[in-house]
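Visitor: Please see the structure below; I have some questions.
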Amino acid sequence: MSGPPVSLVLAGIGGMGAVYVDELLNTAAAGRVAIQGVVDPLPERCPRLAELKAAGVPVFGDLSAFYAERSADLAVISSPIQFHAAQTILALERGSHVLCEKPVAATIQEARAMAEAERRTGRWTAIGYQWSFSRAVQELKSDIMTGVFGRPRRFRCLYTWPRDKAYYGRNDWAGRKRDSAGAWILDSPANNAMAHDLHNMLYLLGSEVRTCAKPIRVQAELYRANPIENYDTAAARIIAGDGTEILVWFSHASRLDRGPVLRLEFERGLITAEGRGKSLRSETADGSPKDYGCPDARPMKKLWDAVEAAENGSLPVCGVEASWGQTLAVDGMQDSAEEIVEFHESLRREEANTTSSRTWIEGLDDVFERCFEAAALPAEIGVPWAHPSLKLDLADYRVYPRPR
């Protein structure tokens, strides 16, 4: 870097925001980045608040208060989902570029408003899906776009990640559809922990580096085992605009921790991966293998790519247009299912440890494995507890929830 440091504001310094704080304090960021302020209504949740204050970084209760006194080249937004759109738009209008954590927003209308704010202000927004910024995914997407594997046919992702009561009690919005003010959150596996995996499949299908595939149809079965408002278990079929079938099976109420298990099928090749921290591997029809490496290798590359883009005027590879397909799919999943189905009490199992307890569903892992192999939803293979759902057309889907 030859110019002045990139001025930066952090909105949200607890949870994922604390990871950004660690990255900035633990690396040689001095001279390249100048933290102008941090924003959080409860800043004491940040384990390194004292270090920030000792470095002279001011703390603000909300983003408007920060911009009333200061400015920033880059705003890093790690606040809860329901604040992503409003805070991004505010930052753009105050002259900042934005790195917003995933997902883009809770609703497709908010995502569109963010894209419009980018056009109006001439500033960009990067979305923090770290896989998209990785060398592994960028190299794989390049091969897909140039036709190495031929036309895509079917993408599958199975991911079961048990979560306990502490996970759902860690804040006041986990597992909720709306917050106390009525703002949409739609927190769920598909919109939080596994949002990366749903997004990644749509992103890989995008016809350009900075675009994703548009979902045009969705059918989803949504279930819950935990005492939450939204779902903790989902199975969905999503059809992309090019006709590719995307199937996902996600759960926080499984017995086993497994995945993500990826199987991306093309007319002349197959891409697979299994497990967090594992490599993406491909094999073409002639048997030629390729190891793209681990997309989790540098999870904070997204931050430094955003800093670099703010320095040199380039565009990040994963912005609103590259990410909003996941939001459209999640909104469609909620509307397709119409209701969240409660798992029957006879299927519930309780498991406790020294700090918390969790609920898991007997037989769920086996059902999802069968569904994965059959490329089917639970209701389609005759699972007794399964509840069929609507096939929802997303071609003209503009607002969540859709008018009834």
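Lettering and numbering for the structure tokens are positional, with chains as A, B, ... in the shown order, residues counted from 1 in each chain, and ligands counted from 1 in the shown order.
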Could you go through range 24-169 of chain A and tell me which residues DSSP, when run on the backbone, assigns to strand (DSSP E or B), listing them as a PDB file with N, CA and C atoms, in the first residue's frame?

Guide:
ATOM      1  N   VAL A  33      -4.735  -0.112   8.023  1.00  0.00           N
ATOM      2  CA  VAL A  33      -6.111   0.131   8.456  1.00  0.00           C
ATOM      3  C   VAL A  33      -6.093   1.024   9.684  1.00  0.00           C
ATOM      4  N   ALA A  34      -6.987   1.989   9.711  1.00  0.00           N
ATOM      5  CA  ALA A  34      -7.142   2.855  10.883  1.00  0.00           C
ATOM      6  C   ALA A  34      -8.575   2.727  11.375  1.00  0.00           C
ATOM      7  N   ILE A  35      -8.753   2.128  12.557  1.00  0.00           N
ATOM      8  CA  ILE A  35     -10.101   1.936  13.102  1.00  0.00           C
ATOM      9  C   ILE A  35     -10.597   3.272  13.653  1.00  0.00           C
ATOM     10  N   GLN A  36     -11.645   3.802  13.023  1.00  0.00           N
ATOM     11  CA  GLN A  36     -12.190   5.104  13.411  1.00  0.00           C
ATOM     12  C   GLN A  36     -13.216   5.012  14.532  1.00  0.00           C
ATOM     13  N   GLY A  37     -13.763   3.806  14.723  1.00  0.00           N
ATOM     14  CA  GLY A  37     -14.748   3.630  15.778  1.00  0.00           C
ATOM     15  C   GLY A  37     -15.345   2.247  15.722  1.00  0.00           C
ATOM     16  N   VAL A  38     -15.958   1.850  16.820  1.00  0.00           N
ATOM     17  CA  VAL A  38     -16.721   0.608  16.876  1.00  0.00           C
ATOM     18  C   VAL A  38     -18.119   0.932  17.362  1.00  0.00           C
ATOM     19  N   VAL A  39     -19.078   0.148  16.904  1.00  0.00           N
ATOM     20  CA  VAL A  39     -20.489   0.405  17.194  1.00  0.00           C
ATOM     21  C   VAL A  39     -21.109  -0.844  17.784  1.00  0.00           C
ATOM     22  N   VAL A  59     -16.184   4.303  21.121  1.00  0.00           N
ATOM     23  CA  VAL A  59     -17.290   3.349  21.086  1.00  0.00           C
ATOM     24  C   VAL A  59     -18.602   4.123  20.945  1.00  0.00           C
ATOM     25  N   PHE A  60     -19.442   3.698  20.013  1.00  0.00           N
ATOM     26  CA  PHE A  60     -20.723   4.356  19.760  1.00  0.00           C
ATOM     27  C   PHE A  60     -21.855   3.351  19.945  1.00  0.00           C
ATOM     28  N   LEU A  74     -14.448   2.218   4.882  1.00  0.00           N
ATOM     29  CA  LEU A  74     -15.036   0.888   4.882  1.00  0.00           C
ATOM     30  C   LEU A  74     -15.785   0.644   6.186  1.00  0.00           C
ATOM     31  N   ALA A  75     -17.030   0.214   6.067  1.00  0.00           N
ATOM     32  CA  ALA A  75     -17.809  -0.199   7.232  1.00  0.00           C
ATOM     33  C   ALA A  75     -17.917  -1.713   7.232  1.00  0.00           C
ATOM     34  N   VAL A  76     -17.526  -2.347   8.334  1.00  0.00           N
ATOM     35  CA  VAL A  76     -17.647  -3.799   8.493  1.00  0.00           C
ATOM     36  C   VAL A  76     -18.831  -4.062   9.411  1.00  0.00           C
ATOM     37  N   ILE A  77     -19.876  -4.675   8.864  1.00  0.00           N
ATOM     38  CA  ILE A  77     -21.134  -4.853   9.591  1.00  0.00           C
ATOM     39  C   ILE A  77     -21.288  -6.308   9.993  1.00  0.00           C
ATOM     40  N   HIS A  97     -17.713   2.257   1.661  1.00  0.00           N
ATOM     41  CA  HIS A  97     -17.941   0.924   1.115  1.00  0.00           C
ATOM     42  C   HIS A  97     -18.284   0.024   2.300  1.00  0.00           C
ATOM     43  N   VAL A  98     -18.835  -1.165   2.018  1.00  0.00           N
ATOM     44  CA  VAL A  98     -19.331  -2.027   3.103  1.00  0.00           C
ATOM     45  C   VAL A  98     -18.875  -3.465   2.913  1.00  0.00           C
ATOM     46  N   LEU A  99     -18.440  -4.072   3.996  1.00  0.00           N
ATOM     47  CA  LEU A  99     -18.321  -5.529   4.093  1.00  0.00           C
ATOM     48  C   LEU A  99     -19.349  -5.960   5.118  1.00  0.00           C
ATOM     49  N   CYS A 100     -20.437  -6.593   4.647  1.00  0.00           N
ATOM     50  CA  CYS A 100     -21.532  -7.022   5.522  1.00  0.00           C
ATOM     51  C   CYS A 100     -21.464  -8.530   5.684  1.00  0.00           C
ATOM     52  N   THR A 125     -20.859  -3.052  -1.900  1.00  0.00           N
ATOM     53  CA  THR A 125     -21.055  -3.882  -0.709  1.00  0.00           C
ATOM     54  C   THR A 125     -20.513  -5.274  -0.982  1.00  0.00           C
ATOM     55  N   ALA A 126     -19.626  -5.736  -0.131  1.00  0.00           N
ATOM     56  CA  ALA A 126     -19.178  -7.131  -0.158  1.00  0.00           C
ATOM     57  C   ALA A 126     -19.965  -7.896   0.903  1.00  0.00           C
ATOM     58  N   ILE A 127     -20.274  -9.146   0.623  1.00  0.00           N
ATOM     59  CA  ILE A 127     -20.993  -9.988   1.584  1.00  0.00           C
ATOM     60  C   ILE A 127     -20.043 -11.088   2.060  1.00  0.00           C
ATOM     61  N   PRO A 152     -24.116 -28.163 -15.776  1.00  0.00           N
ATOM     62  CA  PRO A 152     -24.460 -28.687 -14.447  1.00  0.00           C
ATOM     63  C   PRO A 152     -25.798 -29.421 -14.491  1.00  0.00           C
ATOM     64  N   ARG A 153     -25.925 -30.448 -13.695  1.00  0.00           N
ATOM     65  CA  ARG A 153     -27.159 -31.229 -13.666  1.00  0.00           C
ATOM     66  C   ARG A 153     -27.836 -31.193 -12.300  1.00  0.00           C
ATOM     67  N   ARG A 154     -27.113 -31.599 -11.264  1.00  0.00           N
ATOM     68  CA  ARG A 154     -27.726 -31.676  -9.933  1.00  0.00           C
ATOM     69  C   ARG A 154     -26.663 -31.401  -8.880  1.00  0.00           C
ATOM     70  N   PHE A 155     -26.985 -30.492  -7.940  1.00  0.00           N
ATOM     71  CA  PHE A 155     -26.106 -30.191  -6.811  1.00  0.00           C
ATOM     72  C   PHE A 155     -26.796 -30.651  -5.529  1.00  0.00           C
ATOM     73  N   ARG A 156     -26.036 -31.341  -4.656  1.00  0.00           N
ATOM     74  CA  ARG A 156     -26.594 -31.804  -3.384  1.00  0.00           C
ATOM     75  C   ARG A 156     -25.685 -31.365  -2.238  1.00  0.00           C
ATOM     76  N   CYS A 157     -26.316 -31.036  -1.111  1.00  0.00           N
ATOM     77  CA  CYS A 157     -25.550 -30.742   0.106  1.00  0.00           C
ATOM     78  C   CYS A 157     -26.300 -31.285   1.320  1.00  0.00           C
ATOM     79  N   LEU A 158     -25.636 -32.168   2.043  1.00  0.00           N
ATOM     80  CA  LEU A 158     -26.143 -32.720   3.308  1.00  0.00           C
ATOM     81  C   LEU A 158     -25.272 -32.183   4.433  1.00  0.00           C
ATOM     82  N   TYR A 159     -25.920 -31.567   5.429  1.00  0.00           N
ATOM     83  CA  TYR A 159     -25.144 -30.972   6.521  1.00  0.00           C
ATOM     84  C   TYR A 159     -25.953 -31.091   7.810  1.00  0.00           C
ATOM     85  N   THR A 160     -25.477 -31.918   8.730  1.00  0.00           N
ATOM     86  CA  THR A 160     -26.105 -32.029  10.053  1.00  0.00           C
ATOM     87  C   THR A 160     -25.095 -31.568  11.093  1.00  0.00           C
TER      88      THR A 160
END

Visitor: List the neighbours of Asp393 in chain A out to 7 Å using only C-alpha atoms; skip same-chain residues closer than 5 positions along the sequence, and give me the result as a PyMOL selection string.

Guide: chain A and resi 216-218

Visitor: Take the residues that were just selected and, keeping C-alpha atoms, output them as a PDB file, in the first residue's frame.

Guide:
ATOM      1  CA  ILE A 216     -36.871 -19.905 -10.042  1.00  0.00           C
ATOM      2  CA  ARG A 217     -38.718 -22.599  -8.091  1.00  0.00           C
ATOM      3  CA  VAL A 218     -38.518 -24.052  -4.591  1.00  0.00           C
TER       4      VAL A 218
END

Visitor: Could you pull out the residues in range 10-178 of chain A that DSSP calls alpha helix (DSSP H) from the backbone, as a ChimeraX atom specification?

Guide: /A:16-26,49-54,63-69,84-93,108-121,130-133,135-145,165-168

Visitor: Identify, on the basis of only C-alpha atoms, every residue whose closest approach to His199 in chain A does not exceed 7 Å; exclude the query and any residue fewer than 3 positions from it along the same chain; express the result as a ChimeraX atom specification.

Guide: /A:195-196,202-203,323,326

Visitor: Given only C-alpha atoms as the basis, pick out the residue of A:Ala54, A:Ala352, A:Val261, A:Leu205 nearest to Glu369 in chain A.

Guide: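 Distance minimum relative to Glu369 in chain A lands on A:Val261.
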
Visitor: Suppose you want the space between CA of Asn191 in chain A and CA of Leu25 in chain A; what is it in Å?

Guide: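 Between these atoms lies a distance of 28.8 Å.
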
Visitor: At a cut-off of 9 Å, using only C-alpha atoms, what residues contact Gln87 in chain A? Leave out same-chain residues fewer than 6 positions from it and give the result as a ChimeraX atom specification.

Guide: /A:11,63-64,77,79

Visitor: Measuring atom to atom with only C-alpha atoms, identify which of A:Asp143, A:Glu321, A:Asp197, A:Glu339 is nearest to Glu116 in chain A.

Guide: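 The shortest atom-to-atom distance to Glu116 in chain A comes from A:Glu321.
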
Visitor: Can you list every residue of range 317-336 of chain A that has an atom at most 12 Å from range 175-183 of chain A, with its nearest atom pair and the distance in Å to one decimal, using only C-alpha atoms, ordered by chain then number, as a Markdown table?

Guide:
| residue | atom | partner | partner_atom | distance |
| --- | --- | --- | --- | --- |
| A:Val330 | CA | A:Lys177 | CA | 11.9 |
| A:Asp331 | CA | A:Lys177 | CA | 11.1 |
| A:Gln334 | CA | A:Lys177 | CA | 9.9 |

Visitor: Looking at only C-alpha atoms, which of A:Ser188, A:Arg298, A:Tyr129, A:Gly325 is the one that sits closest to Ala240 in chain A?

Guide: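 Residue with the minimum atom-to-atom distance to Ala240 in chain A: A:Gly325.
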